Structure formats: structure tokens, C-alpha cells
Amino acid sequence: MQRYDRLKEIQSLDPERDFLRIYRLSVTLEFPWDVTRALELALYRTYAVPGIGRLLATTAELTDRSQKRYDDTALLLDTVVEHGFDSEEGRTALRRINGMHRSYDIADDDMRYVLCTFVVVPKRWLDAYGWRRLSAHERQASAVYYRTLGAHMGIKDLPHTYEEFEETLDAYEKAHFGWDAGARTVSGATLDLMASWYPAPLARLVRGASLALLDDALLDAFRYRRPGAFARGLTRGALRLRARAVRLLPPRSRPHYARQNPEIKGYPDGYDVAALGTFPVPGVRGCPVPHHRASDGAAAE
């Protein structure tokens with residue numbers, strides 16, 4: 001197989017009908033490392049919405065139990081990718097995701113925004129740092145995949161195309177990004193977690209590089225000092241250099257799933273999908289989005 005043969009396969013498929021196959025090919029064979037980093041950034045962006053960051057600070061899920069929260073989120077989402085929506089494993093993961101959220105009064109626009117980050121942030125990351133950009137087929141397949149996930153979660157008025165996901169995300173962030181002390185605490189805990197995955201001499205560099213990758217809207221929401229041009233150029237240049245190197249490598253022959261990532265630390269002996277995640281006490285802890293009004297109905301499995 002040559003470097004671009006898998007892209008040709010993707011372009012031969014129908015992104016509406018074959019969305020799961022296309023999404024799997026993209027995230028497990030073409031861009032597994034990049035998508036992992038992009039989804040980390042996608043979740044991180046949500047903390048800049050004060051209600052989301054404040055709730056996470058209150059529940060302590062991403063301050064006192066940051067590694068477990070990271071592991072469980074990645075594994076639940078990845079189970080659906082690996083096994084599909086209709087498999088026993090996929091249905092179990094969806095029940096857990098919905099079980100965590102159903103205990104709370106969650107506004108659809110908040111849930112919709114979080115879903116939008118999963119579609120838009122990886123595309124933007126790959127445009128900037130991937131060994132190639134996402135094709136139109138991959139963009140639409142990603143939109144259909146998360147539209148399907150959103151339907152299983154009972155989210156109303158979901159965007160249909162990639163462009164609609166992007167417009168929804170940009171409008172939401174423009175309206176809602178802002179300062180909150182609790183959100184800043186959650187941000188710091190997340191940066192500390194990412195730095196902890198590397199040997200001590202590198203931890204400070206990793207934290208600095210993470211900040212250098214953030215856009216000004218995020219930095220301003222958390223009141224971080226904007227990194228200098230040199231730090232930003234060095235960090236982003238290193239990622240682009242990596243992309244050029246990856247482009248020269250032979251294509252991956254076996255899929256790589258999130259459960260295989262070295263960042264997953266909490267389950268060295270395996271895990272039970274049904275036991276992942278939080279088991280929330282209403283009004284106390286559990287869900288990563290704010291709860292402003294009564295839901296429109298029970299979430300679908």
C-alpha cells in the first residue's frame with residue numbers, strides 16, 4: 001500500500017452511508033496521534049465556557065481525579081468508534097454516556113456545542129499540523145458520525161454538515177467564552193495532567209508548548225499571558241516538521257485505538273465498559289456541562 005492509497009479508498013465510499021468506516025479509517029489508521037491530541041484540545045476548549053469550567057471545578061472530576069476522567073472519557077468514546085453504534089459494546093458505552101448525563105438538567109445548546117468541538121477541532125488541527133488535510137469525504141463522514149452520536153444522546157437540532165457544525169461552534173464560543181476562577185483551576189489541572197505523562201525534565205516544556213498551541217480567545221478566557229512569537233513558532237514548527245516526517249513513512253497497517261494510547265494509565269489489567277465513567281449524584285457531581293433548564297425529553301440510548 002502506498003501513502004495515499006487509503007485516501008483513494010475513502011474517496012470511493014459514500015460519507016452518508018459509509019460514515020463509520022470512513023471515520024474509523026481516518027482516526028485509527030491515517031491520523032491516530034493527531035486525532036488524540038485534537039480531541040484533548042476539543043474537550044479543553046469547553047472549559048472556557050464559564051458554566052462548564054465552573055461545574056467541573058465543583059465536581060472535582062478534572063482536578064482530584066483528572067487521570068481517571070481522562071481515561072474514562074477516551075475509552076467510552078473510543079468503544080463506539082471501535083465497535084459501532086449497534087454492537088453490544090457500543091450500546092453499553094452509550095448507556096454509560098447517557099446515564100451520566102441523564103441525571104442532570106442539561107441544556108441542548110451546551111451539549112450541542114461540546115459535540116461540535118469533536119467535529120471542528122480535529123479538522124482544524126489536521127489542517128495546521130496533519131501530514132495531509134482532511135478530504136471533503138472525511139469532513140462529512142465526521143459530521144454524520146457525531147450527528148449520529150448526538151441523536152443517540154437525545155440532543156435536538158443537530159447540525160447536518162461540517163460547515164453547520166463549524167458555524168455553530170464559532171457562534172457559541174463568541175457568545176460564551178469568558179473568565180471563571182473555577183474554570184482556570186480546571187485548566188491548570190488539565191495542563192498538569194498532560195505534563196505528568198512525560199519525564200520531569202520535559203514536563204515544563206510540555207506545559208509551555210501546550211499553551212503555545214492555544215489561540216488567543218482561549219488564552220484570554222483563562223487569563224493566561226500570551227506566549228511569545230518564538231515559543232509559538234518553535235512549537236508549531238515542530239509539529240509541522242513531524243507532519244512532513246510522517247508523510248514519508250509507510251502507511252499504518254493496523255488500526256490504533258485510544259485504548260492503546262500510553263496516556264491511558266488507569267487500567268493496566270483491562271476494564272469493563274459498563275463500569276467506566278462517573279455515577280453521578282444529582283446536583284453534586286458528574287457531568288461536564290452546565291444544567292440551566294429542564295431537558296426536552298429523555299435521551300435516547
# chains A, B, ... in the order shown; residues from 1 in each chain; ligands from 1
>>> closest_atom_pairs(of="segment 184-275 of chain A", to="segment 38-61 of chain A", cutoff="12 Å", atoms="only C-alpha atoms", output="CSV")
residue,atom,partner,partner_atom,distance
A:Arg184,CA,A:Gly53,CA,7.5
A:Thr185,CA,A:Ala57,CA,6.8
A:Val186,CA,A:Ala57,CA,5.9
A:Ser187,CA,A:Tyr47,CA,6.9
A:Gly188,CA,A:Tyr44,CA,10.5
A:Ala189,CA,A:Ala57,CA,9.8
A:Thr190,CA,A:Tyr44,CA,7.8
A:Leu191,CA,A:Tyr44,CA,9.3
A:Leu193,CA,A:Glu40,CA,11.3
A:Met194,CA,A:Glu40,CA,9.5
A:Ser210,CA,A:Leu41,CA,9.3
A:Leu211,CA,A:Leu41,CA,10.9
A:Leu213,CA,A:Leu41,CA,9.3
A:Leu214,CA,A:Leu41,CA,8.6
A:Asp215,CA,A:Arg45,CA,10.0
A:Asp216,CA,A:Ala48,CA,11.8
A:Ala217,CA,A:Ala48,CA,8.9
A:Leu218,CA,A:Ala48,CA,6.5
A:Leu219,CA,A:Ala48,CA,9.0
A:Asp220,CA,A:Ala48,CA,9.2
A:Ala221,CA,A:Ala48,CA,5.8
A:Phe222,CA,A:Ala48,CA,6.7
A:Arg223,CA,A:Ala48,CA,10.3
A:Tyr224,CA,A:Ala48,CA,11.8
A:Ala258,CA,A:Leu39,CA,10.8
A:Glu263,CA,A:Glu40,CA,11.1
>>> residues_around(residues="Pro255 of chain A", least_positions_apart="4", cutoff="12 Å", atoms="only C-alpha atoms", output="number ranges by chain")
A: 21, 23-33, 81-82, 251, 259-261
>>> atom_distance(atom1="atom CA of Asp272 of chain A", atom2="atom CA of Thr79 of chain A")
10.9 Å
>>> atom_distance(atom1="atom CA of Lys123 of chain A", atom2="atom CA of Thr161 of chain A")
13.2 Å
>>> closest_residue(among="A:Arg242, A:Arg112, A:His101, A:Arg133", to="Tyr146 of chain A", atoms="only C-alpha atoms")
A:Arg112
>>> closest_residue(among="A:Leu20, A:Val114, A:Val121, A:Ile97", to="Phe85 of chain A", atoms="only C-alpha atoms")
A:Leu20
>>> atom_distance(atom1="atom CA of Gly237 of chain A", atom2="atom CA of Thr36 of chain A")
19.1 Å
>>> select_by_dssp(residues="segment 27-268 of chain A", states="alpha helix (DSSP H)", output="short mmCIF file (atom, residue, chain, number, x, y, z; two decimals) with C-alpha atoms, in the first residue's frame")
data_model
loop_
_atom_site.label_atom_id
_atom_site.label_comp_id
_atom_site.auth_asym_id
_atom_site.auth_seq_id
_atom_site.Cartn_x
_atom_site.Cartn_y
_atom_site.Cartn_z
CA PRO A 32 -4.44 8.35 15.33
CA TRP A 33 -1.86 10.53 17.13
CA ASP A 34 -3.18 13.78 15.71
CA VAL A 35 -6.81 12.97 16.47
CA THR A 36 -5.92 12.10 20.07
CA ARG A 37 -4.23 15.48 20.52
CA ALA A 38 -7.08 17.29 18.76
CA LEU A 39 -9.78 15.66 20.90
CA GLU A 40 -7.83 16.58 24.03
CA LEU A 41 -7.85 20.17 22.80
CA ALA A 42 -11.55 19.90 21.90
CA LEU A 43 -12.51 18.99 25.46
CA TYR A 44 -10.14 21.59 26.87
CA ARG A 45 -11.88 24.32 24.85
CA THR A 46 -15.14 23.61 26.63
CA PRO A 50 -17.69 29.54 32.48
CA GLY A 51 -20.63 27.30 33.31
CA ILE A 52 -18.79 24.20 32.09
CA GLY A 53 -15.50 25.01 33.77
CA ARG A 54 -17.22 26.05 36.99
CA LEU A 55 -19.16 22.81 37.23
CA LEU A 56 -16.05 20.71 36.62
CA ALA A 57 -14.29 22.61 39.39
CA THR A 58 -17.22 21.95 41.72
CA THR A 59 -17.37 18.23 40.97
CA SER A 66 -8.08 14.05 36.33
CA GLN A 67 -6.37 10.88 35.08
CA LYS A 68 -9.45 8.73 35.65
CA ARG A 69 -11.70 11.28 33.99
CA TYR A 70 -9.36 11.44 31.00
CA ASP A 71 -9.16 7.65 30.73
CA ASP A 72 -12.89 7.05 31.05
CA THR A 73 -13.87 9.73 28.57
CA ALA A 74 -11.40 8.47 25.97
CA LEU A 75 -12.37 4.82 26.45
CA LEU A 76 -16.13 5.39 26.30
CA LEU A 77 -15.91 7.45 23.12
CA ASP A 78 -13.42 5.04 21.61
CA THR A 79 -15.60 2.00 22.30
CA VAL A 80 -18.23 3.38 19.94
CA VAL A 81 -15.61 4.08 17.28
CA GLU A 82 -14.15 0.58 17.51
CA HIS A 83 -17.35 -1.45 17.77
CA GLU A 88 -23.23 -4.72 22.35
CA GLU A 89 -20.08 -2.85 23.37
CA GLY A 90 -21.20 0.33 21.62
CA ARG A 91 -24.65 0.22 23.21
CA THR A 92 -23.09 -0.31 26.63
CA ALA A 93 -20.85 2.74 26.13
CA LEU A 94 -23.84 4.81 25.01
CA ARG A 95 -25.82 3.73 28.07
CA ARG A 96 -22.95 4.86 30.29
CA ILE A 97 -22.63 8.20 28.49
CA ASN A 98 -26.36 8.78 28.71
CA GLY A 99 -26.56 7.51 32.29
CA MET A 100 -24.06 10.15 33.39
CA HIS A 101 -25.92 12.94 31.60
CA ARG A 102 -29.49 11.85 32.25
CA ASP A 108 -29.26 21.13 24.46
CA ASP A 109 -27.21 24.09 23.23
CA ASP A 110 -24.44 23.22 25.72
CA MET A 111 -24.43 19.57 24.66
CA ARG A 112 -24.54 20.57 21.02
CA TYR A 113 -21.50 22.81 21.48
CA VAL A 114 -19.43 20.03 23.08
CA LEU A 115 -20.34 17.77 20.15
CA CYS A 116 -19.29 20.49 17.70
CA THR A 117 -15.80 20.61 19.22
CA PHE A 118 -15.34 16.92 18.35
CA VAL A 119 -16.08 17.66 14.70
CA VAL A 120 -14.38 21.01 14.18
CA VAL A 121 -11.23 20.96 16.31
CA PRO A 122 -9.74 17.79 14.73
CA LYS A 123 -10.29 19.20 11.24
CA ARG A 124 -8.60 22.47 12.17
CA TRP A 125 -5.73 20.63 13.88
CA LEU A 126 -5.12 18.45 10.82
CA ASP A 127 -5.25 21.45 8.51
CA ALA A 128 -2.46 23.01 10.56
CA TYR A 129 -0.39 20.00 11.74
CA ALA A 136 -14.32 16.54 1.89
CA HIS A 137 -15.44 12.90 2.34
CA GLU A 138 -13.75 12.73 5.74
CA ARG A 139 -15.19 16.05 6.89
CA GLN A 140 -18.71 14.99 6.02
CA ALA A 141 -18.28 11.48 7.46
CA SER A 142 -17.14 13.05 10.74
CA ALA A 143 -20.21 15.29 10.75
CA VAL A 144 -22.50 12.30 10.15
CA TYR A 145 -20.71 10.25 12.82
CA TYR A 146 -21.19 12.89 15.50
CA ARG A 147 -24.69 13.70 14.29
CA THR A 148 -25.45 10.02 14.88
CA LEU A 149 -23.79 10.11 18.31
CA GLY A 150 -25.78 13.22 19.17
CA ALA A 151 -29.02 11.53 18.14
CA HIS A 152 -28.23 8.59 20.43
CA TYR A 162 -19.44 20.06 8.65
CA GLU A 163 -19.98 23.71 7.78
CA GLU A 164 -23.01 23.87 10.08
CA PHE A 165 -21.02 22.30 12.93
CA GLU A 166 -18.31 24.91 12.40
CA GLU A 167 -20.75 27.82 12.30
CA THR A 168 -22.44 26.57 15.47
CA LEU A 169 -19.14 26.25 17.32
CA ASP A 170 -17.84 29.67 16.32
CA ALA A 171 -21.08 31.42 17.25
CA TYR A 172 -21.30 29.64 20.62
CA GLU A 173 -17.72 30.47 21.56
CA LYS A 174 -18.11 34.11 20.55
CA ALA A 175 -21.17 34.37 22.78
CA HIS A 176 -20.00 32.32 25.76
CA ALA A 181 -11.85 31.16 38.54
CA GLY A 182 -13.05 27.56 38.74
CA ALA A 183 -12.52 27.08 35.02
CA ARG A 184 -8.97 28.38 35.40
CA THR A 185 -8.38 25.76 38.12
CA VAL A 186 -9.64 23.00 35.82
CA SER A 187 -7.47 24.31 33.00
CA GLY A 188 -4.41 24.22 35.23
CA ALA A 189 -5.18 20.68 36.39
CA THR A 190 -5.52 19.54 32.78
CA LEU A 191 -2.23 21.10 31.76
CA ASP A 192 -0.59 19.46 34.79
CA LEU A 193 -2.04 16.10 33.77
CA MET A 194 -0.65 16.36 30.24
CA ALA A 195 2.75 17.38 31.58
CA SER A 196 2.72 14.43 34.00
CA ALA A 200 10.17 15.51 34.87
CA PRO A 201 12.76 17.45 32.81
CA LEU A 202 10.26 17.67 29.94
CA ALA A 203 7.16 18.50 31.96
CA ARG A 204 7.75 22.26 31.99
CA LEU A 205 8.45 22.26 28.26
CA VAL A 206 5.29 20.29 27.57
CA ARG A 207 3.19 22.71 29.58
CA GLY A 208 4.72 25.66 27.77
CA ALA A 209 4.22 24.00 24.39
CA SER A 210 0.58 23.31 25.26
CA LEU A 211 -0.02 26.99 25.98
CA ALA A 212 1.76 27.94 22.74
CA ASP A 216 -5.85 33.98 21.75
CA ALA A 217 -9.56 33.53 22.57
CA LEU A 218 -8.73 30.59 24.85
CA LEU A 219 -5.73 32.28 26.43
CA ASP A 220 -7.77 35.40 27.13
CA ALA A 221 -10.66 33.42 28.63
CA PHE A 222 -8.29 31.78 31.12
CA ALA A 229 6.27 34.59 18.84
CA PHE A 230 9.39 32.47 19.35
CA ALA A 231 7.63 29.92 21.61
CA ARG A 232 4.66 29.71 19.28
CA GLY A 233 6.82 29.41 16.18
CA LEU A 234 9.03 26.73 17.72
CA THR A 235 6.10 24.63 18.96
CA ARG A 236 4.03 24.86 15.81
CA GLY A 237 7.09 24.43 13.61
CA ALA A 238 8.00 21.22 15.43
CA LEU A 239 4.52 19.82 14.77
CA ARG A 240 4.72 20.73 11.09
CA LEU A 241 8.15 19.09 10.89
CA ARG A 242 6.66 15.96 12.43
CA ALA A 243 3.92 16.02 9.78
CA ARG A 244 6.50 16.09 6.99
CA ALA A 245 8.28 13.12 8.54
CA VAL A 246 5.03 11.14 8.92
CA ARG A 247 4.19 11.83 5.28
CA LEU A 248 7.37 9.99 4.28
#
